[in-house]
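**Q** The structure file my_file32.csv (CSV, C-alpha atoms) is provided below.
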```csv
chain,number,residue,atom,x,y,z
A,235,MET,CA,-115.6,-215.9,1.0
A,236,LYS,CA,-112.7,-216.2,3.5
A,237,ARG,CA,-109.3,-215.8,1.9
A,238,LEU,CA,-107.4,-218.3,4.0
A,239,GLU,CA,-110.1,-221.0,4.6
A,240,LYS,CA,-108.6,-224.2,6.1
A,241,ASN,CA,-105.0,-222.8,5.9
A,242,VAL,CA,-102.6,-223.4,8.8
A,243,THR,CA,-100.7,-220.4,10.2
A,244,LEU,CA,-98.0,-220.7,12.8
A,245,ILE,CA,-97.4,-217.5,14.8
A,246,THR,CA,-94.7,-217.1,17.4
A,247,GLY,CA,-95.6,-215.0,20.4
A,248,GLY,CA,-99.2,-215.4,19.4
A,249,GLY,CA,-100.6,-215.1,22.9
A,250,LYS,CA,-100.5,-211.3,23.3
A,251,GLY,CA,-99.9,-208.0,21.6
A,252,ILE,CA,-99.1,-208.0,17.9
A,253,GLY,CA,-99.0,-211.8,17.9
A,254,PHE,CA,-102.6,-212.1,19.1
A,255,GLY,CA,-103.7,-209.4,16.7
A,256,LEU,CA,-102.1,-211.4,13.9
A,257,ALA,CA,-103.8,-214.6,15.1
A,258,SER,CA,-107.2,-212.9,15.2
A,259,ALA,CA,-106.8,-211.5,11.7
A,260,PHE,CA,-105.8,-214.9,10.2
A,261,ALA,CA,-108.5,-216.7,12.2
A,262,ARG,CA,-111.1,-214.3,10.9
A,263,GLU,CA,-110.1,-215.3,7.4
A,264,GLY,CA,-110.7,-218.9,8.1
A,265,SER,CA,-107.1,-220.1,8.9
A,266,ASN,CA,-106.5,-222.6,11.6
A,267,ILE,CA,-103.8,-221.3,14.0
A,268,VAL,CA,-100.7,-222.5,15.9
A,269,ILE,CA,-99.5,-220.1,18.5
A,270,THR,CA,-96.4,-220.4,20.6
A,271,GLY,CA,-95.0,-218.5,23.6
A,272,ARG,CA,-93.4,-219.1,27.0
A,273,THR,CA,-96.5,-218.5,29.2
A,274,GLU,CA,-98.9,-221.4,29.1
A,275,SER,CA,-101.9,-219.6,30.8
A,276,ARG,CA,-101.7,-216.8,28.3
A,277,LEU,CA,-101.7,-219.2,25.3
A,278,ILE,CA,-104.6,-221.2,26.7
A,279,GLU,CA,-106.7,-218.0,27.1
A,280,ALA,CA,-105.8,-216.8,23.6
A,281,LYS,CA,-106.8,-220.3,22.2
A,282,LYS,CA,-110.2,-220.1,23.9
A,283,LYS,CA,-110.8,-216.6,22.5
A,284,LEU,CA,-109.8,-217.5,19.0
A,285,GLU,CA,-111.8,-220.7,18.8
A,286,ASN,CA,-114.9,-219.2,20.4
A,287,GLN,CA,-115.0,-216.1,18.2
A,288,TYR,CA,-113.9,-217.5,14.9
A,289,GLY,CA,-114.7,-221.2,15.0
A,290,VAL,CA,-111.2,-222.3,13.9
A,291,GLU,CA,-108.9,-224.9,15.4
A,292,VAL,CA,-106.1,-223.5,17.5
A,293,LEU,CA,-103.0,-225.4,18.7
A,294,ALA,CA,-101.2,-223.7,21.6
A,295,ILE,CA,-97.6,-224.8,22.3
A,296,VAL,CA,-95.3,-223.6,25.0
A,297,ALA,CA,-91.9,-223.1,23.4
A,298,ASP,CA,-88.8,-221.0,23.8
A,299,GLY,CA,-87.6,-219.6,20.4
A,300,ALA,CA,-84.0,-219.9,21.5
A,301,ASP,CA,-84.3,-223.6,21.9
A,302,GLU,CA,-83.6,-225.5,18.7
A,303,GLU,CA,-85.1,-228.8,19.9
A,304,GLN,CA,-88.3,-227.1,21.2
A,305,ILE,CA,-88.8,-225.5,17.8
A,306,LYS,CA,-88.4,-228.9,16.1
A,307,GLY,CA,-91.1,-230.1,18.4
A,308,VAL,CA,-93.4,-227.2,17.5
A,309,ILE,CA,-93.1,-228.1,13.8
A,310,SER,CA,-93.7,-231.8,14.4
A,311,GLN,CA,-96.7,-231.2,16.6
A,312,THR,CA,-98.1,-228.8,13.9
A,313,ILE,CA,-97.7,-231.4,11.2
A,314,GLU,CA,-99.1,-234.2,13.4
A,315,LYS,CA,-102.3,-232.2,14.1
A,316,PHE,CA,-102.9,-230.3,10.8
A,317,GLY,CA,-100.7,-232.1,8.2
A,318,LYS,CA,-99.4,-228.8,6.7
A,319,ILE,CA,-98.1,-225.3,7.2
A,320,ASN,CA,-99.2,-222.5,4.8
A,321,THR,CA,-97.8,-219.5,6.6
A,322,LEU,CA,-95.0,-219.0,9.2
A,323,ILE,CA,-95.0,-215.7,11.1
A,324,ASN,CA,-91.9,-215.0,13.2
A,325,ASN,CA,-93.2,-212.3,15.6
A,326,ALA,CA,-91.7,-213.1,19.0
A,327,GLN,CA,-88.7,-211.1,20.2
A,328,ALA,CA,-87.1,-210.2,23.5
A,329,SER,CA,-84.4,-207.5,24.1
A,330,SER,CA,-82.8,-205.2,26.7
A,331,SER,CA,-84.5,-202.1,25.2
A,332,GLY,CA,-83.5,-198.8,26.7
A,333,LEU,CA,-79.8,-199.6,27.4
A,334,PRO,CA,-77.2,-197.5,25.7
A,335,LEU,CA,-74.8,-199.6,23.5
A,336,ILE,CA,-71.8,-199.1,25.9
A,337,GLU,CA,-73.9,-200.6,28.8
A,338,HIS,CA,-74.9,-203.7,26.9
A,339,THR,CA,-73.3,-207.0,28.0
A,340,LYS,CA,-72.9,-210.1,26.0
A,341,LYS,CA,-75.9,-211.5,27.8
A,342,ASP,CA,-78.0,-208.6,26.5
A,343,ILE,CA,-76.8,-209.2,23.0
A,344,ASP,CA,-77.4,-212.9,23.3
A,345,LEU,CA,-81.0,-212.3,24.5
A,346,ALA,CA,-81.9,-210.4,21.3
A,347,ILE,CA,-80.0,-212.6,18.9
A,348,TYR,CA,-81.2,-215.9,20.3
A,349,SER,CA,-84.9,-214.9,20.8
A,350,GLY,CA,-85.0,-213.1,17.5
A,351,LEU,CA,-82.5,-214.0,14.8
A,352,TYR,CA,-81.8,-217.6,15.9
A,353,ALA,CA,-85.5,-218.3,16.5
A,354,THR,CA,-86.4,-217.0,13.1
A,355,PHE,CA,-83.7,-219.1,11.5
A,356,PHE,CA,-84.7,-222.3,13.4
A,357,TYR,CA,-88.4,-221.9,12.5
A,358,MET,CA,-87.7,-221.1,8.9
A,359,ARG,CA,-85.3,-224.0,8.5
A,360,GLU,CA,-87.6,-226.6,10.1
A,361,ALA,CA,-90.8,-225.3,8.4
A,362,TYR,CA,-89.1,-225.2,4.9
A,363,PRO,CA,-90.1,-228.6,3.6
A,364,TYR,CA,-93.7,-228.1,4.6
A,365,LEU,CA,-93.8,-224.6,3.1
A,366,LYS,CA,-92.4,-226.1,-0.1
A,367,GLU,CA,-95.3,-228.5,-0.2
A,368,THR,CA,-97.9,-225.8,0.1
A,369,ARG,CA,-96.0,-223.2,-1.8
A,370,GLY,CA,-96.5,-221.1,1.3
A,371,SER,CA,-95.1,-217.9,2.7
A,372,VAL,CA,-93.0,-216.6,5.6
A,373,ILE,CA,-93.7,-213.2,7.3
A,374,ASN,CA,-90.9,-212.0,9.5
A,375,PHE,CA,-90.9,-208.9,11.7
A,376,ALA,CA,-88.4,-206.1,11.3
A,377,SER,CA,-88.3,-202.8,13.2
A,378,GLY,CA,-87.8,-199.1,12.7
A,379,ALA,CA,-85.1,-199.4,15.4
A,380,GLY,CA,-82.9,-200.9,12.7
A,381,PHE,CA,-83.9,-198.6,9.9
A,382,PHE,CA,-83.3,-195.4,11.9
A,383,GLY,CA,-80.7,-196.3,14.5
A,384,LYS,CA,-83.0,-195.5,17.5
A,385,PRO,CA,-81.1,-194.9,20.7
A,386,GLY,CA,-81.2,-197.6,23.4
A,387,GLN,CA,-82.1,-200.2,20.8
A,388,SER,CA,-78.7,-201.5,19.7
A,389,SER,CA,-79.2,-205.3,20.4
A,390,TYR,CA,-82.8,-205.2,19.2
A,391,ALA,CA,-81.9,-203.3,16.0
A,392,ALA,CA,-79.0,-205.8,15.3
A,393,ALA,CA,-81.3,-208.8,15.7
A,394,LYS,CA,-84.0,-207.2,13.5
A,395,GLU,CA,-81.6,-206.2,10.7
A,396,GLY,CA,-80.1,-209.7,10.9
A,397,ILE,CA,-83.6,-211.1,10.3
A,398,ARG,CA,-84.0,-208.8,7.3
A,399,GLY,CA,-80.8,-210.1,5.8
A,400,LEU,CA,-81.8,-213.7,6.4
A,401,SER,CA,-85.2,-213.0,4.9
A,402,ARG,CA,-83.9,-211.5,1.7
A,403,VAL,CA,-81.5,-214.4,1.1
A,404,ALA,CA,-84.4,-216.9,1.8
A,405,ALA,CA,-86.6,-215.0,-0.6
A,406,THR,CA,-83.9,-215.5,-3.3
A,407,GLU,CA,-83.2,-219.1,-2.5
A,408,TRP,CA,-86.8,-220.2,-1.9
A,409,GLY,CA,-88.4,-218.3,-4.8
A,410,PRO,CA,-88.0,-221.3,-7.2
A,411,ASP,CA,-89.9,-223.4,-4.6
A,412,GLY,CA,-92.8,-221.0,-4.7
A,413,ILE,CA,-92.2,-219.8,-1.1
A,414,ARG,CA,-92.4,-216.1,-0.6
A,415,VAL,CA,-90.6,-214.4,2.3
A,416,ASN,CA,-91.6,-210.8,3.3
A,417,MET,CA,-91.1,-208.6,6.3
A,418,ILE,CA,-93.3,-206.1,8.3
A,419,ALA,CA,-91.9,-203.3,10.4
A,420,PRO,CA,-94.7,-202.2,12.7
A,421,LEU,CA,-95.4,-199.3,15.1
A,422,ALA,CA,-98.2,-200.8,17.1
A,423,MET,CA,-100.4,-200.1,20.1
A,424,THR,CA,-99.7,-203.0,22.5
A,425,GLU,CA,-100.3,-203.7,26.2
A,426,SER,CA,-96.8,-202.5,27.0
A,427,LEU,CA,-97.3,-199.3,25.0
A,428,ARG,CA,-100.6,-198.6,26.8
A,429,GLU,CA,-98.7,-198.8,30.1
A,430,TRP,CA,-96.0,-196.5,28.8
A,431,LYS,CA,-98.7,-194.0,27.7
A,432,GLU,CA,-100.2,-194.0,31.2
A,433,ASN,CA,-96.8,-193.6,32.9
A,434,TYR,CA,-95.4,-191.0,30.5
A,435,PRO,CA,-98.4,-189.1,28.9
A,436,GLU,CA,-96.3,-186.1,27.8
A,437,LEU,CA,-93.7,-188.2,26.1
A,438,PHE,CA,-96.5,-190.2,24.5
A,439,GLU,CA,-98.1,-187.1,23.1
A,440,ARG,CA,-94.7,-185.9,21.7
A,441,THR,CA,-94.3,-189.3,20.0
A,442,ILE,CA,-97.7,-189.1,18.5
A,443,GLN,CA,-96.9,-185.7,17.0
A,444,GLY,CA,-94.2,-187.4,15.0
A,445,ILE,CA,-96.6,-189.8,13.3
A,446,PRO,CA,-98.4,-188.2,10.4
A,447,LEU,CA,-101.4,-190.4,10.8
A,448,GLY,CA,-101.6,-189.4,14.4
A,449,ARG,CA,-101.9,-192.9,16.0
A,450,PHE,CA,-100.2,-196.2,16.5
A,451,ALA,CA,-101.3,-199.2,14.5
A,452,ASP,CA,-104.0,-201.6,15.7
A,453,PRO,CA,-102.4,-205.1,15.8
A,454,MET,CA,-105.4,-206.8,14.2
A,455,GLU,CA,-106.9,-204.3,11.8
A,456,ASP,CA,-103.7,-202.5,10.6
A,457,ILE,CA,-100.9,-205.1,11.0
A,458,GLY,CA,-103.0,-208.3,10.8
A,459,ARG,CA,-104.8,-207.3,7.6
A,460,VAL,CA,-101.5,-206.5,5.9
A,461,ALA,CA,-100.1,-209.8,7.0
A,462,VAL,CA,-103.2,-211.6,5.7
A,463,PHE,CA,-102.7,-209.9,2.3
A,464,LEU,CA,-99.0,-211.0,2.2
A,465,ALA,CA,-100.1,-214.6,3.0
A,466,SER,CA,-102.8,-214.6,0.4
A,467,ASP,CA,-102.8,-215.1,-3.4
A,468,ASP,CA,-103.3,-211.4,-3.8
A,469,ALA,CA,-99.6,-211.0,-2.9
A,470,SER,CA,-98.4,-213.9,-5.1
A,471,TYR,CA,-95.8,-211.8,-6.8
A,472,ILE,CA,-94.4,-210.1,-3.7
A,473,THR,CA,-91.3,-211.5,-2.0
A,474,GLY,CA,-88.2,-210.1,-0.3
A,475,GLU,CA,-89.9,-206.9,0.6
A,476,THR,CA,-90.1,-204.9,3.9
A,477,ILE,CA,-93.4,-203.2,4.4
A,478,SER,CA,-93.1,-200.3,6.9
A,479,LEU,CA,-96.3,-199.9,8.9
A,480,GLN,CA,-95.2,-196.8,10.8
A,481,GLY,CA,-98.1,-194.4,10.1
A,482,GLY,CA,-95.8,-192.2,8.0
A,483,SER,CA,-93.2,-191.7,10.7
A,484,GLY,CA,-90.6,-193.7,8.8
A,485,LEU,CA,-90.7,-192.0,5.4
A,486,ARG,CA,-88.0,-193.4,3.3
A,487,PRO,CA,-86.9,-193.0,-0.3
```
What does the file become when written as structure tokens?
**A**
Amino acid sequence: MKRLEKNVTLITGGGKGIGFGLASAFAREGSNIVITGRTESRLIEAKKKLENQYGVEVLAIVADGADEEQIKGVISQTIEKFGKINTLINNAQASSSGLPLIEHTKKDIDLAIYSGLYATFFYMREAYPYLKETRGSVINFASGAGFFGKPGQSSYAAAKEGIRGLSRVAATEWGPDGIRVNMIAPLAMTESLREWKENYPELFERTIQGIPLGRFADPMEDIGRVAVFLASDDASYITGETISLQGGSGLRP
């Protein structure tokens, strides 16, 4: 039996990378899907793949996470089509990665904060009444960049740690409503990482040596299945937690 049969899962940045892996994992468990992103052609292609392979309904909506009004539109279109939201996954994030802190401009900081922290806030706030109706869940994405102070990641780390703080408060405030809010911090193999591997094979090998499990996570099988667990009744007593999917590279007390 599929664990999320007829659920509705909204995934930001669902057209590629980790987002598409998440969408695939949820669709495989029977959930209908809403995916958002800024590139229409990518979303349409993802919609076709998901519907053809898993037989679920997929709503693809072009939206910028930094635009409050567009996010209100995403929620209203989701409710108009499906009538409910069971799980909200805030996955999308942009940043000026690779820039040292002293080279960051306000524009660089704004990019990370608006696409990450503000987008997460807007989606959570607008989805709240519908999550309350379904006693649903929120899964937000954190990062090892924030845990470990990775160089060249100051704006990205700031946005991600802001999301963690927001998520923990929401877990406390929304617990009485039956809404659970958790976070995943992934280290995943994506299209961008594959390009990096091809361009910098020696650096890639050194990076792999620092991961006890010897590989990056698969977006669908490793990250997606954990997200499905967090959205399911199996995780009904888990909220306010950050699950580190770093292959052992982020060992913490």
**Q** From the list A:Leu293, A:Leu400, A:Met358, A:Leu464, which residue is nearest Glu314 (chain A) when using only C-alpha atoms?
**A**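 Among the listed residues, the smallest separation from Glu314 (chain A) belongs to A:Leu293.
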**Q** Calculate how many Å separate CA of Thr246 (chain A) from CA of Thr273 (chain A), rounding to one decimal.
**A**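 Value for the CA of Thr246 (chain A)-CA of Thr273 (chain A) distance: 12.0 Å.
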**Q** Please determine, counting all atoms listed in the file, which residue among A:Arg414, A:Arg402, A:Lys306, A:Lys431 has the shortest atom-to-atom distance to Ala361 (chain A).
**A** A:Lys306
**Q** Which value, in Å to one decimal, gives the distance between CA of Gly458 (chain A) and CA of Gly255 (chain A)?
**A**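 A separation of 6.0 Å between them.
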**Q** What's the 7 Å shell around region 341-346 of chain A, counting all atoms listed in the file, without same-chain residues fewer than 4 positions away, as a list in words?
**A**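 Those residues are Gln327, Ala328, Ser329, Ser330, Gly350, Ser389, Tyr390 and Ala393 of chain A.
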**Q** Could you tell me which of A:Arg276, A:Lys315, A:Lys394, A:Arg359 comes closest to Gly251 (chain A) if we count all atoms listed in the file?
**A**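 Closest to Gly251 (chain A), using all atoms listed in the file: A:Arg276.
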